[in-house]
file entry-v4.pdb (PDB, C-alpha atoms and all ligand atoms)
MODEL        1
ATOM      1  CA  MET A  66     -12.303   5.297  12.358
ATOM      2  CA  LEU A  67     -14.365   3.795   9.545
ATOM      3  CA  LYS A  68     -16.756   1.125  10.810
ATOM      4  CA  LEU A  69     -17.708  -1.935   8.761
ATOM      5  CA  TYR A  70     -20.742  -3.965   9.816
ATOM      6  CA  GLY A  71     -21.119  -7.579   8.774
ATOM      7  CA  GLY A  72     -21.756 -11.164   9.722
ATOM      8  CA  ALA A  73     -19.188 -13.912  10.236
ATOM      9  CA  ARG A  74     -19.536 -15.298   6.695
ATOM     10  CA  SER A  75     -21.144 -12.516   4.782
ATOM     11  CA  ARG A  76     -20.526 -10.155   1.888
ATOM     12  CA  ALA A  77     -18.786  -7.872   4.377
ATOM     13  CA  SER A  78     -15.685  -9.874   3.345
ATOM     14  CA  VAL A  79     -15.854  -8.158  -0.061
ATOM     15  CA  VAL A  80     -15.544  -4.741   1.568
ATOM     16  CA  LYS A  81     -12.936  -6.006   4.051
ATOM     17  CA  TRP A  82     -10.798  -7.232   1.158
ATOM     18  CA  TYR A  83     -10.792  -3.792  -0.464
ATOM     19  CA  LEU A  84     -10.190  -1.979   2.847
ATOM     20  CA  GLU A  85      -7.157  -4.212   3.370
ATOM     21  CA  GLU A  86      -5.937  -3.501  -0.186
ATOM     22  CA  LEU A  87      -6.239   0.230   0.483
ATOM     23  CA  GLY A  88      -4.528  -0.069   3.878
ATOM     24  CA  ILE A  89      -7.312   1.825   5.634
ATOM     25  CA  ASP A  90      -7.760   1.505   9.390
ATOM     26  CA  TYR A  91     -11.216   0.213  10.135
ATOM     27  CA  GLU A  92     -13.211  -1.384  12.883
ATOM     28  CA  PHE A  93     -15.177  -4.521  12.014
ATOM     29  CA  ILE A  94     -18.435  -4.794  13.902
ATOM     30  CA  LEU A  95     -19.583  -8.384  13.897
ATOM     31  CA  LEU A  96     -23.343  -8.768  14.014
ATOM     32  CA  ASP A  97     -24.905 -11.948  15.329
ATOM     33  CA  MET A  98     -26.949 -12.702  12.228
ATOM     34  CA  GLN A  99     -28.230 -15.992  13.661
ATOM     35  CA  ALA A 100     -29.845 -13.936  16.388
ATOM     36  CA  GLY A 101     -31.183 -11.480  13.804
ATOM     37  CA  GLU A 102     -29.143  -8.467  14.936
ATOM     38  CA  HIS A 103     -29.056  -7.221  11.339
ATOM     39  CA  ARG A 104     -32.840  -6.909  11.298
ATOM     40  CA  GLN A 105     -33.166  -4.937  14.518
ATOM     41  CA  ALA A 106     -32.293  -1.521  15.870
ATOM     42  CA  PRO A 107     -29.714  -0.189  16.319
ATOM     43  CA  TYR A 108     -28.401  -1.770  13.077
ATOM     44  CA  THR A 109     -31.553  -0.910  11.110
ATOM     45  CA  ASP A 110     -30.805   2.761  11.849
ATOM     46  CA  ILE A 111     -27.709   2.190   9.677
ATOM     47  CA  ASN A 112     -29.310  -0.053   7.050
ATOM     48  CA  PRO A 113     -33.104   0.035   7.175
ATOM     49  CA  ILE A 114     -33.189  -2.840   4.639
ATOM     50  CA  GLY A 115     -31.605  -5.138   7.229
ATOM     51  CA  LYS A 116     -28.755  -6.505   5.094
ATOM     52  CA  VAL A 117     -24.988  -6.472   5.488
ATOM     53  CA  PRO A 118     -22.483  -5.057   4.726
ATOM     54  CA  ALA A 119     -22.786  -1.399   5.688
ATOM     55  CA  ILE A 120     -20.179   1.202   6.577
ATOM     56  CA  VAL A 121     -20.182   4.307   8.715
ATOM     57  CA  ASP A 122     -17.399   6.700   7.741
ATOM     58  CA  GLY A 123     -17.543   9.758   9.984
ATOM     59  CA  ASP A 124     -21.137  10.890   9.700
ATOM     60  CA  PHE A 125     -21.662   9.177   6.334
ATOM     61  CA  THR A 126     -23.517   5.875   6.171
ATOM     62  CA  LEU A 127     -23.645   3.560   3.140
ATOM     63  CA  TRP A 128     -24.831   0.022   2.380
ATOM     64  CA  GLU A 129     -24.786  -2.310  -0.661
ATOM     65  CA  SER A 130     -21.302  -3.720  -1.186
ATOM     66  CA  GLY A 131     -21.045  -2.372  -4.751
ATOM     67  CA  ALA A 132     -21.863   1.193  -3.711
ATOM     68  CA  ILE A 133     -19.392   0.894  -0.832
ATOM     69  CA  LEU A 134     -16.596  -0.293  -3.173
ATOM     70  CA  GLY A 135     -17.245   2.649  -5.521
ATOM     71  CA  TYR A 136     -17.238   5.096  -2.613
ATOM     72  CA  LEU A 137     -13.977   3.721  -1.202
ATOM     73  CA  ALA A 138     -12.335   3.845  -4.649
ATOM     74  CA  ALA A 139     -13.286   7.506  -5.041
ATOM     75  CA  LYS A 140     -12.534   8.586  -1.492
ATOM     76  CA  TYR A 141      -9.419   6.545  -0.676
ATOM     77  CA  GLY A 142      -8.360   4.805  -3.908
ATOM     78  CA  GLY A 143      -7.341   7.879  -5.908
ATOM     79  CA  VAL A 144     -10.079   7.420  -8.522
ATOM     80  CA  THR A 145     -10.926  11.029  -9.303
ATOM     81  CA  GLU A 146     -12.022  11.101 -12.957
ATOM     82  CA  ILE A 147     -15.724  10.610 -13.577
ATOM     83  CA  GLU A 148     -15.019   8.261 -16.492
ATOM     84  CA  ALA A 149     -12.616   6.116 -14.484
ATOM     85  CA  ARG A 150     -15.169   5.872 -11.665
ATOM     86  CA  ALA A 151     -17.914   5.004 -14.181
ATOM     87  CA  LEU A 152     -15.865   2.141 -15.627
ATOM     88  CA  ILE A 153     -15.297   0.747 -12.151
ATOM     89  CA  ASP A 154     -19.025   1.045 -11.399
ATOM     90  CA  GLN A 155     -19.823  -0.668 -14.698
ATOM     91  CA  TRP A 156     -17.802  -3.750 -13.722
ATOM     92  CA  ILE A 157     -19.082  -3.720 -10.147
ATOM     93  CA  ASP A 158     -22.635  -3.752 -11.522
ATOM     94  CA  PHE A 159     -21.704  -6.513 -13.953
ATOM     95  CA  ALA A 160     -20.252  -8.602 -11.118
ATOM     96  CA  ASN A 161     -22.942  -8.009  -8.517
ATOM     97  CA  SER A 162     -26.028  -7.759 -10.725
ATOM     98  CA  THR A 163     -25.553  -9.401 -14.123
ATOM     99  CA  PHE A 164     -23.124 -12.170 -13.170
ATOM    100  CA  GLY A 165     -24.281 -12.545  -9.566
ATOM    101  CA  SER A 166     -27.944 -12.963 -10.559
ATOM    102  CA  ALA A 167     -27.097 -15.423 -13.340
ATOM    103  CA  LEU A 168     -25.167 -17.505 -10.822
ATOM    104  CA  ALA A 169     -27.827 -17.368  -8.138
ATOM    105  CA  MET A 170     -30.903 -18.040 -10.289
ATOM    106  CA  GLU A 171     -31.049 -21.771 -10.873
ATOM    107  CA  ALA A 172     -33.570 -21.450 -13.718
ATOM    108  CA  VAL A 173     -31.149 -19.508 -15.937
ATOM    109  CA  ARG A 174     -27.765 -20.513 -14.498
ATOM    110  CA  GLU A 175     -26.968 -23.223 -17.053
ATOM    111  CA  THR A 176     -27.610 -21.021 -20.058
ATOM    112  CA  ALA A 177     -26.700 -17.552 -18.842
ATOM    113  CA  VAL A 178     -23.456 -18.227 -16.969
ATOM    114  CA  PRO A 179     -21.512 -19.904 -19.842
ATOM    115  CA  ARG A 180     -22.436 -17.041 -22.160
ATOM    116  CA  LEU A 181     -21.214 -14.461 -19.686
ATOM    117  CA  LEU A 182     -18.035 -16.453 -19.076
ATOM    118  CA  ASP A 183     -17.345 -16.693 -22.823
ATOM    119  CA  SER A 184     -17.581 -12.901 -23.152
ATOM    120  CA  LEU A 185     -15.514 -12.301 -20.052
ATOM    121  CA  GLU A 186     -12.861 -14.730 -21.260
ATOM    122  CA  THR A 187     -12.436 -12.644 -24.419
ATOM    123  CA  VAL A 188     -12.460  -9.323 -22.556
ATOM    124  CA  LEU A 189      -9.821 -10.490 -20.104
ATOM    125  CA  GLY A 190      -7.453 -12.010 -22.665
ATOM    126  CA  ASP A 191      -4.049 -11.856 -21.014
ATOM    127  CA  ARG A 192      -4.861  -8.774 -18.942
ATOM    128  CA  GLU A 193      -3.813  -8.939 -15.346
ATOM    129  CA  PHE A 194      -6.781  -6.912 -14.120
ATOM    130  CA  LEU A 195     -10.190  -5.951 -15.482
ATOM    131  CA  LEU A 196      -9.172  -2.407 -16.280
ATOM    132  CA  GLY A 197      -5.710  -3.319 -17.540
ATOM    133  CA  ALA A 198      -2.501  -3.109 -15.565
ATOM    134  CA  GLU A 199      -3.909  -1.643 -12.375
ATOM    135  CA  PHE A 200      -5.866  -3.419  -9.649
ATOM    136  CA  SER A 201      -9.156  -1.702  -8.813
ATOM    137  CA  ALA A 202     -12.405  -2.078  -6.879
ATOM    138  CA  ALA A 203     -13.817  -3.718 -10.030
ATOM    139  CA  ASP A 204     -11.463  -6.667  -9.456
ATOM    140  CA  VAL A 205     -12.690  -6.965  -5.884
ATOM    141  CA  ALA A 206     -16.331  -7.219  -6.980
ATOM    142  CA  LEU A 207     -15.650  -9.702  -9.782
ATOM    143  CA  GLY A 208     -12.963 -11.572  -7.849
ATOM    144  CA  ALA A 209     -15.423 -12.141  -5.011
ATOM    145  CA  MET A 210     -18.025 -13.551  -7.413
ATOM    146  CA  LEU A 211     -15.414 -15.821  -8.986
ATOM    147  CA  TYR A 212     -14.641 -17.088  -5.477
ATOM    148  CA  TYR A 213     -18.299 -17.574  -4.462
ATOM    149  CA  GLY A 214     -19.226 -19.181  -7.810
ATOM    150  CA  PRO A 215     -17.245 -22.429  -7.417
ATOM    151  CA  LEU A 216     -17.881 -22.534  -3.669
ATOM    152  CA  MET A 217     -21.628 -21.990  -3.648
ATOM    153  CA  PHE A 218     -22.906 -22.722  -7.156
ATOM    154  CA  GLY A 219     -20.586 -25.398  -8.555
ATOM    155  CA  LEU A 220     -19.106 -23.019 -11.104
ATOM    156  CA  SER A 221     -16.234 -24.497 -13.104
ATOM    157  CA  LEU A 222     -13.630 -22.296 -14.787
ATOM    158  CA  GLU A 223     -11.889 -25.180 -16.563
ATOM    159  CA  GLN A 224     -13.207 -24.087 -19.975
ATOM    160  CA  HIS A 225     -12.205 -20.454 -19.356
ATOM    161  CA  LEU A 226      -8.511 -20.403 -18.624
ATOM    162  CA  ASN A 227      -8.028 -16.628 -18.769
ATOM    163  CA  ILE A 228     -10.699 -16.237 -16.098
ATOM    164  CA  LYS A 229      -9.232 -19.099 -14.078
ATOM    165  CA  ARG A 230      -5.770 -17.485 -14.118
ATOM    166  CA  TYR A 231      -7.261 -14.079 -13.278
ATOM    167  CA  ALA A 232      -9.237 -15.507 -10.323
ATOM    168  CA  GLN A 233      -6.243 -17.472  -9.025
ATOM    169  CA  ASN A 234      -4.036 -14.377  -9.144
ATOM    170  CA  LEU A 235      -6.611 -12.352  -7.225
ATOM    171  CA  GLN A 236      -6.999 -15.072  -4.618
ATOM    172  CA  ALA A 237      -3.226 -15.143  -4.082
ATOM    173  CA  ARG A 238      -3.178 -11.473  -3.021
ATOM    174  CA  PRO A 239      -2.290 -10.990   0.663
ATOM    175  CA  ALA A 240      -5.383  -8.836   1.296
ATOM    176  CA  PHE A 241      -7.621 -11.568  -0.130
ATOM    177  CA  GLN A 242      -5.876 -14.187   2.002
ATOM    178  CA  THR A 243      -6.311 -12.219   5.236
ATOM    179  CA  THR A 244     -10.008 -11.667   4.571
ATOM    180  CA  PHE A 245     -11.644 -14.407   2.513
ATOM    181  CA  GLY A 246      -8.858 -16.819   3.474
ATOM    182  CA  ASN A 247      -9.764 -16.409   7.147
ATOM    183  CA  ARG A 248     -13.505 -16.832   6.894
TER     184      ARG A 248
HETATM  185  N1  LIG B   1     -26.506  -6.831  -2.809
HETATM  186  C1  LIG B   1     -26.187  -6.818  -1.420
HETATM  187  C2  LIG B   1     -26.513  -8.173  -0.806
HETATM  188  C3  LIG B   1     -26.552  -8.080   0.696
HETATM  189  C4  LIG B   1     -26.973  -9.395   1.315
HETATM  190  O1  LIG B   1     -27.854 -10.106   0.808
HETATM  191  N2  LIG B   1     -26.341  -9.705   2.425
HETATM  192  C5  LIG B   1     -26.694 -10.899   3.145
HETATM  193  C6  LIG B   1     -25.457 -11.470   3.826
HETATM  194  S1  LIG B   1     -24.232 -11.990   2.670
HETATM  195  C7  LIG B   1     -27.648 -10.553   4.261
HETATM  196  O2  LIG B   1     -27.563  -9.502   4.848
HETATM  197  N3  LIG B   1     -28.544 -11.493   4.558
HETATM  198  C8  LIG B   1     -29.390 -11.375   5.697
HETATM  199  C9  LIG B   1     -30.846 -11.432   5.409
HETATM  200  O3  LIG B   1     -31.230 -11.379   4.225
HETATM  201  O4  LIG B   1     -31.585 -11.516   6.369
HETATM  202  C10 LIG B   1     -24.706  -6.465  -1.223
HETATM  203  O5  LIG B   1     -23.898  -6.889  -2.045
HETATM  204  O6  LIG B   1     -24.386  -5.747  -0.260
ENDMDL
END
call {"tool": "encode", "arguments": {"input": "entry-v4.pdb", "output": "structure tokens"}}
result
Amino acid sequence: MLKLYGGARSRASVVKWYLEELGIDYEFILLDMQAGEHRQAPYTDINPIGKVPAIVDGDFTLWESGAILGYLAAKYGGVTEIEARALIDQWIDFANSTFGSALAMEAVRETAVPRLLDSLETVLGDREFLLGAEFSAADVALGAMLYYGPLMFGLSLEQHLNIKRYAQNLQARPAFQTTFGNR
């Protein structure tokens, strides 16, 4: 069975959400991050960088939540075309790197985040999901950031109603509720 390693309130929830969406059986291995289990063997044999989440799927090991989402989409989510996979990766990178860094870096947050939100608002329009009518791993990556943003960085979506609606719809999904909702 696929193993997911994470802490109690960690980015492992992002991967959990997608595993639940895909209906994959998995075992969650809770590390005691307060005690530093993520920075010690045996976990560092899985992720030598000492961060969570990581997965072990058979004899394959992978870490970085974005890479894990892309892998799960290709292996279990029916995403077979290179172009389709690339578009998902593009939005995962946008969420985790471009948007995530803008949110986290106080020095640029006030200028960078509104610009990104303005662009995203236009891209989304009245689309249900990032890639159109179908939910994908890209929505998990961005949906997670749109959840963390208000919670951790005081992000407001009141000026961006397409994004607000999109985020609310994602957060109403049963798989989101059983993962992020139970943190
Ligand atoms: N870009 C990474 C971030 C991983 C990350 O920073 N995880 C945090 C928990 S949410 C962590 O392991 N922190 C422990 C530490 O830095 O010691 C991902 O998305 O997987």
call {"tool": "closest_atom_pairs", "arguments": {"input": "entry-v4.pdb", "of": "chain A", "to": "ligand LIG 1 (chain B)", "cutoff": "9 Å", "atoms": "all atoms listed in the file", "output": "Markdown table"}}
result
| residue | atom | partner | partner_atom | distance |
| --- | --- | --- | --- | --- |
| A:Gly71 | CA | B:LIG1 | C6 | 7.6 |
| A:Gly72 | CA | B:LIG1 | C6 | 7.0 |
| A:Arg74 | CA | B:LIG1 | S1 | 7.0 |
| A:Ser75 | CA | B:LIG1 | S1 | 3.8 |
| A:Arg76 | CA | B:LIG1 | S1 | 4.2 |
| A:Ala77 | CA | B:LIG1 | S1 | 7.0 |
| A:Ser78 | CA | B:LIG1 | S1 | 8.8 |
| A:Val79 | CA | B:LIG1 | O5 | 8.4 |
| A:Met98 | CA | B:LIG1 | C8 | 7.1 |
| A:Gly101 | CA | B:LIG1 | O4 | 7.4 |
| A:His103 | CA | B:LIG1 | C8 | 7.0 |
| A:Arg104 | CA | B:LIG1 | O4 | 6.9 |
| A:Ile114 | CA | B:LIG1 | O2 | 8.7 |
| A:Gly115 | CA | B:LIG1 | O2 | 6.4 |
| A:Lys116 | CA | B:LIG1 | O2 | 3.2 |
| A:Val117 | CA | B:LIG1 | O2 | 4.0 |
| A:Pro118 | CA | B:LIG1 | O6 | 5.4 |
| A:Ala119 | CA | B:LIG1 | O6 | 7.5 |
| A:Trp128 | CA | B:LIG1 | O6 | 6.4 |
| A:Glu129 | CA | B:LIG1 | O6 | 3.5 |
| A:Ser130 | CA | B:LIG1 | O6 | 3.8 |
| A:Gly131 | CA | B:LIG1 | O5 | 6.0 |
| A:Ala132 | CA | B:LIG1 | O6 | 8.2 |
| A:Ile133 | CA | B:LIG1 | O6 | 8.3 |
| A:Asn161 | CA | B:LIG1 | O5 | 6.6 |
| A:Ser162 | CA | B:LIG1 | N1 | 8.0 |
call {"tool": "atom_distance", "arguments": {"input": "entry-v4.pdb", "atom1": "CA of Ala198 in chain A", "atom2": "CA of Leu137 in chain A"}}
result
19.6 Å
call {"tool": "atom_distance", "arguments": {"input": "entry-v4.pdb", "atom1": "CA of Glu223 in chain A", "atom2": "CA of Asp204 in chain A"}}
result
19.8 Å
call {"tool": "resolve_selection", "arguments": {"input": "entry-v4.pdb", "expression": "the PyMOL selection byres (((chain A and resi 229) around 12) and not hetatm)", "output": "list in words"}}
result
Leu182, Leu185, Glu186, Leu189, Gly190, Asp191, Glu193, Gly208, Leu211, Tyr212, Gly214, Pro215, Leu220, Ser221, Leu222, Glu223, Gln224, His225, Leu226, Asn227, Ile228, Arg230, Tyr231, Ala232, Gln233, Asn234, Leu235 and Gln236 of chain A
call {"tool": "write_last_selection", "arguments": {"input": "entry-v4.pdb", "atoms": "C-alpha atoms", "output": "tab-separated table (two decimals), in the coordinates of the input"}}
result
chain	number	residue	atom	x	y	z
A	182	LEU	CA	-18.04	-16.45	-19.08
A	185	LEU	CA	-15.51	-12.30	-20.05
A	186	GLU	CA	-12.86	-14.73	-21.26
A	189	LEU	CA	-9.82	-10.49	-20.10
A	190	GLY	CA	-7.45	-12.01	-22.66
A	191	ASP	CA	-4.05	-11.86	-21.01
A	193	GLU	CA	-3.81	-8.94	-15.35
A	208	GLY	CA	-12.96	-11.57	-7.85
A	211	LEU	CA	-15.41	-15.82	-8.99
A	212	TYR	CA	-14.64	-17.09	-5.48
A	214	GLY	CA	-19.23	-19.18	-7.81
A	215	PRO	CA	-17.24	-22.43	-7.42
A	220	LEU	CA	-19.11	-23.02	-11.10
A	221	SER	CA	-16.23	-24.50	-13.10
A	222	LEU	CA	-13.63	-22.30	-14.79
A	223	GLU	CA	-11.89	-25.18	-16.56
A	224	GLN	CA	-13.21	-24.09	-19.98
A	225	HIS	CA	-12.20	-20.45	-19.36
A	226	LEU	CA	-8.51	-20.40	-18.62
A	227	ASN	CA	-8.03	-16.63	-18.77
A	228	ILE	CA	-10.70	-16.24	-16.10
A	230	ARG	CA	-5.77	-17.48	-14.12
A	231	TYR	CA	-7.26	-14.08	-13.28
A	232	ALA	CA	-9.24	-15.51	-10.32
A	233	GLN	CA	-6.24	-17.47	-9.02
A	234	ASN	CA	-4.04	-14.38	-9.14
A	235	LEU	CA	-6.61	-12.35	-7.22
A	236	GLN	CA	-7.00	-15.07	-4.62
call {"tool": "axis_aligned_box", "arguments": {"input": "entry-v4.pdb", "around": "range 177-194 of chain A", "padding_each_side": "8 Å", "output": "lines of an AutoDock Vina configuration file"}}
result
center_x = -15.3
center_y = -13.4
center_z = -19.3
size_x = 38.9
size_y = 29.0
size_z = 26.3
call {"tool": "resolve_selection", "arguments": {"input": "entry-v4.pdb", "expression": "the PyMOL selection byres (((chain A and resi 168) around 10) and not hetatm)", "output": "PyMOL selection string"}}
result
chain A and resi 162-167+169-175+177-178+210+213-215+217-220
call {"tool": "write_last_selection", "arguments": {"input": "entry-v4.pdb", "atoms": "C-alpha atoms", "output": "mmCIF file, in the coordinates of the input"}}
result
data_model
loop_
_atom_site.group_PDB
_atom_site.id
_atom_site.type_symbol
_atom_site.label_atom_id
_atom_site.label_comp_id
_atom_site.auth_asym_id
_atom_site.auth_seq_id
_atom_site.Cartn_x
_atom_site.Cartn_y
_atom_site.Cartn_z
ATOM 1 C CA SER A 162 -26.028 -7.759 -10.725
ATOM 2 C CA THR A 163 -25.553 -9.401 -14.123
ATOM 3 C CA PHE A 164 -23.124 -12.170 -13.170
ATOM 4 C CA GLY A 165 -24.281 -12.545 -9.566
ATOM 5 C CA SER A 166 -27.944 -12.963 -10.559
ATOM 6 C CA ALA A 167 -27.097 -15.423 -13.340
ATOM 7 C CA ALA A 169 -27.827 -17.368 -8.138
ATOM 8 C CA MET A 170 -30.903 -18.040 -10.289
ATOM 9 C CA GLU A 171 -31.049 -21.771 -10.873
ATOM 10 C CA ALA A 172 -33.570 -21.450 -13.718
ATOM 11 C CA VAL A 173 -31.149 -19.508 -15.937
ATOM 12 C CA ARG A 174 -27.765 -20.513 -14.498
ATOM 13 C CA GLU A 175 -26.968 -23.223 -17.053
ATOM 14 C CA ALA A 177 -26.700 -17.552 -18.842
ATOM 15 C CA VAL A 178 -23.456 -18.227 -16.969
ATOM 16 C CA MET A 210 -18.025 -13.551 -7.413
ATOM 17 C CA TYR A 213 -18.299 -17.574 -4.462
ATOM 18 C CA GLY A 214 -19.226 -19.181 -7.810
ATOM 19 C CA PRO A 215 -17.245 -22.429 -7.417
ATOM 20 C CA MET A 217 -21.628 -21.990 -3.648
ATOM 21 C CA PHE A 218 -22.906 -22.722 -7.156
ATOM 22 C CA GLY A 219 -20.586 -25.398 -8.555
ATOM 23 C CA LEU A 220 -19.106 -23.019 -11.104
#
call {"tool": "closest_residue", "arguments": {"input": "entry-v4.pdb", "among": "A:Asn112, A:Ala209, A:Leu216, A:Ala139", "to": "Phe245 in chain A", "atoms": "all atoms listed in the file"}}
result
A:Ala209
call {"tool": "resolve_selection", "arguments": {"input": "entry-v4.pdb", "expression": "the PyMOL selection byres (((chain A and resi 83) around 10) and not hetatm)", "output": "list in words"}}
result
Ser78, Val79, Val80, Lys81, Trp82, Leu84, Glu85, Glu86, Leu87, Gly88, Ile89, Ile133, Leu134, Leu137, Ala138, Gly142, Ser201, Ala202, Asp204, Val205, Ala206, Ala240, Phe241 and Thr244 of chain A
call {"tool": "closest_residue", "arguments": {"input": "entry-v4.pdb", "among": "A:Ala203, A:Val188, A:Leu67, A:Leu195", "to": "Leu127 in chain A", "atoms": "all atoms listed in the file"}}
result
A:Leu67
call {"tool": "closest_residue", "arguments": {"input": "entry-v4.pdb", "among": "A:Ile111, A:Val121, A:Ala73, A:Ala106", "to": "Tyr91 in chain A", "atoms": "only C-alpha atoms"}}
result
A:Val121
call {"tool": "residues_around", "arguments": {"input": "entry-v4.pdb", "residues": "Ile153 in chain A", "least_positions_apart": "2", "cutoff": "8 Å", "atoms": "all atoms listed in the file", "output": "ChimeraX atom specification"}}
result
/A:135,149-151,155-157,201-203
call {"tool": "atom_distance", "arguments": {"input": "entry-v4.pdb", "atom1": "CA of Arg180 in chain A", "atom2": "CA of Phe194 in chain A"}}
result
20.3 Å
call {"tool": "residues_around", "arguments": {"input": "entry-v4.pdb", "residues": "Ile94 in chain A", "least_positions_apart": "2", "cutoff": "9 Å", "atoms": "all atoms listed in the file", "output": "list in words"}}
result
Lys68, Leu69, Tyr70, Gly71, Gly72, Glu92 and Leu96 of chain A
call {"tool": "decode", "arguments": {"input": "entry-v4.pdb", "residues": "range 179-191 of chain A", "atoms": "N, CA and C atoms", "output": "PDB file, in the first residue's frame"}}
result
ATOM      1  N   PRO A 179      -1.451  40.865  -5.189  1.00  0.00           N
ATOM      2  CA  PRO A 179      -2.596  41.410  -5.935  1.00  0.00           C
ATOM      3  C   PRO A 179      -2.442  41.270  -7.444  1.00  0.00           C
ATOM      4  N   ARG A 180      -1.225  41.431  -7.933  1.00  0.00           N
ATOM      5  CA  ARG A 180      -1.009  41.280  -9.384  1.00  0.00           C
ATOM      6  C   ARG A 180      -1.306  39.858  -9.839  1.00  0.00           C
ATOM      7  N   LEU A 181      -0.830  38.909  -9.069  1.00  0.00           N
ATOM      8  CA  LEU A 181      -1.084  37.504  -9.428  1.00  0.00           C
ATOM      9  C   LEU A 181      -2.571  37.193  -9.341  1.00  0.00           C
ATOM     10  N   LEU A 182      -3.220  37.744  -8.312  1.00  0.00           N
ATOM     11  CA  LEU A 182      -4.666  37.492  -8.159  1.00  0.00           C
ATOM     12  C   LEU A 182      -5.451  38.109  -9.312  1.00  0.00           C
ATOM     13  N   ASP A 183      -5.050  39.305  -9.749  1.00  0.00           N
ATOM     14  CA  ASP A 183      -5.747  39.940 -10.883  1.00  0.00           C
ATOM     15  C   ASP A 183      -5.669  39.043 -12.125  1.00  0.00           C
ATOM     16  N   SER A 184      -4.485  38.514 -12.389  1.00  0.00           N
ATOM     17  CA  SER A 184      -4.317  37.645 -13.572  1.00  0.00           C
ATOM     18  C   SER A 184      -5.125  36.371 -13.416  1.00  0.00           C
ATOM     19  N   LEU A 185      -5.051  35.798 -12.234  1.00  0.00           N
ATOM     20  CA  LEU A 185      -5.774  34.546 -11.986  1.00  0.00           C
ATOM     21  C   LEU A 185      -7.281  34.736 -12.101  1.00  0.00           C
ATOM     22  N   GLU A 186      -7.745  35.888 -11.626  1.00  0.00           N
ATOM     23  CA  GLU A 186      -9.176  36.201 -11.698  1.00  0.00           C
ATOM     24  C   GLU A 186      -9.653  36.169 -13.157  1.00  0.00           C
ATOM     25  N   THR A 187      -8.836  36.729 -14.047  1.00  0.00           N
ATOM     26  CA  THR A 187      -9.191  36.753 -15.466  1.00  0.00           C
ATOM     27  C   THR A 187      -9.120  35.352 -16.064  1.00  0.00           C
ATOM     28  N   VAL A 188      -8.065  34.621 -15.727  1.00  0.00           N
ATOM     29  CA  VAL A 188      -7.909  33.256 -16.258  1.00  0.00           C
ATOM     30  C   VAL A 188      -9.099  32.393 -15.844  1.00  0.00           C
ATOM     31  N   LEU A 189      -9.468  32.492 -14.582  1.00  0.00           N
ATOM     32  CA  LEU A 189     -10.541  31.619 -14.082  1.00  0.00           C
ATOM     33  C   LEU A 189     -11.890  31.966 -14.713  1.00  0.00           C
ATOM     34  N   GLY A 190     -12.197  33.253 -14.817  1.00  0.00           N
ATOM     35  CA  GLY A 190     -13.506  33.642 -15.346  1.00  0.00           C
ATOM     36  C   GLY A 190     -14.587  32.848 -14.638  1.00  0.00           C
ATOM     37  N   ASP A 191     -15.468  32.212 -15.404  1.00  0.00           N
ATOM     38  CA  ASP A 191     -16.501  31.405 -14.747  1.00  0.00           C
ATOM     39  C   ASP A 191     -16.203  29.918 -14.815  1.00  0.00           C
TER      40      ASP A 191
END
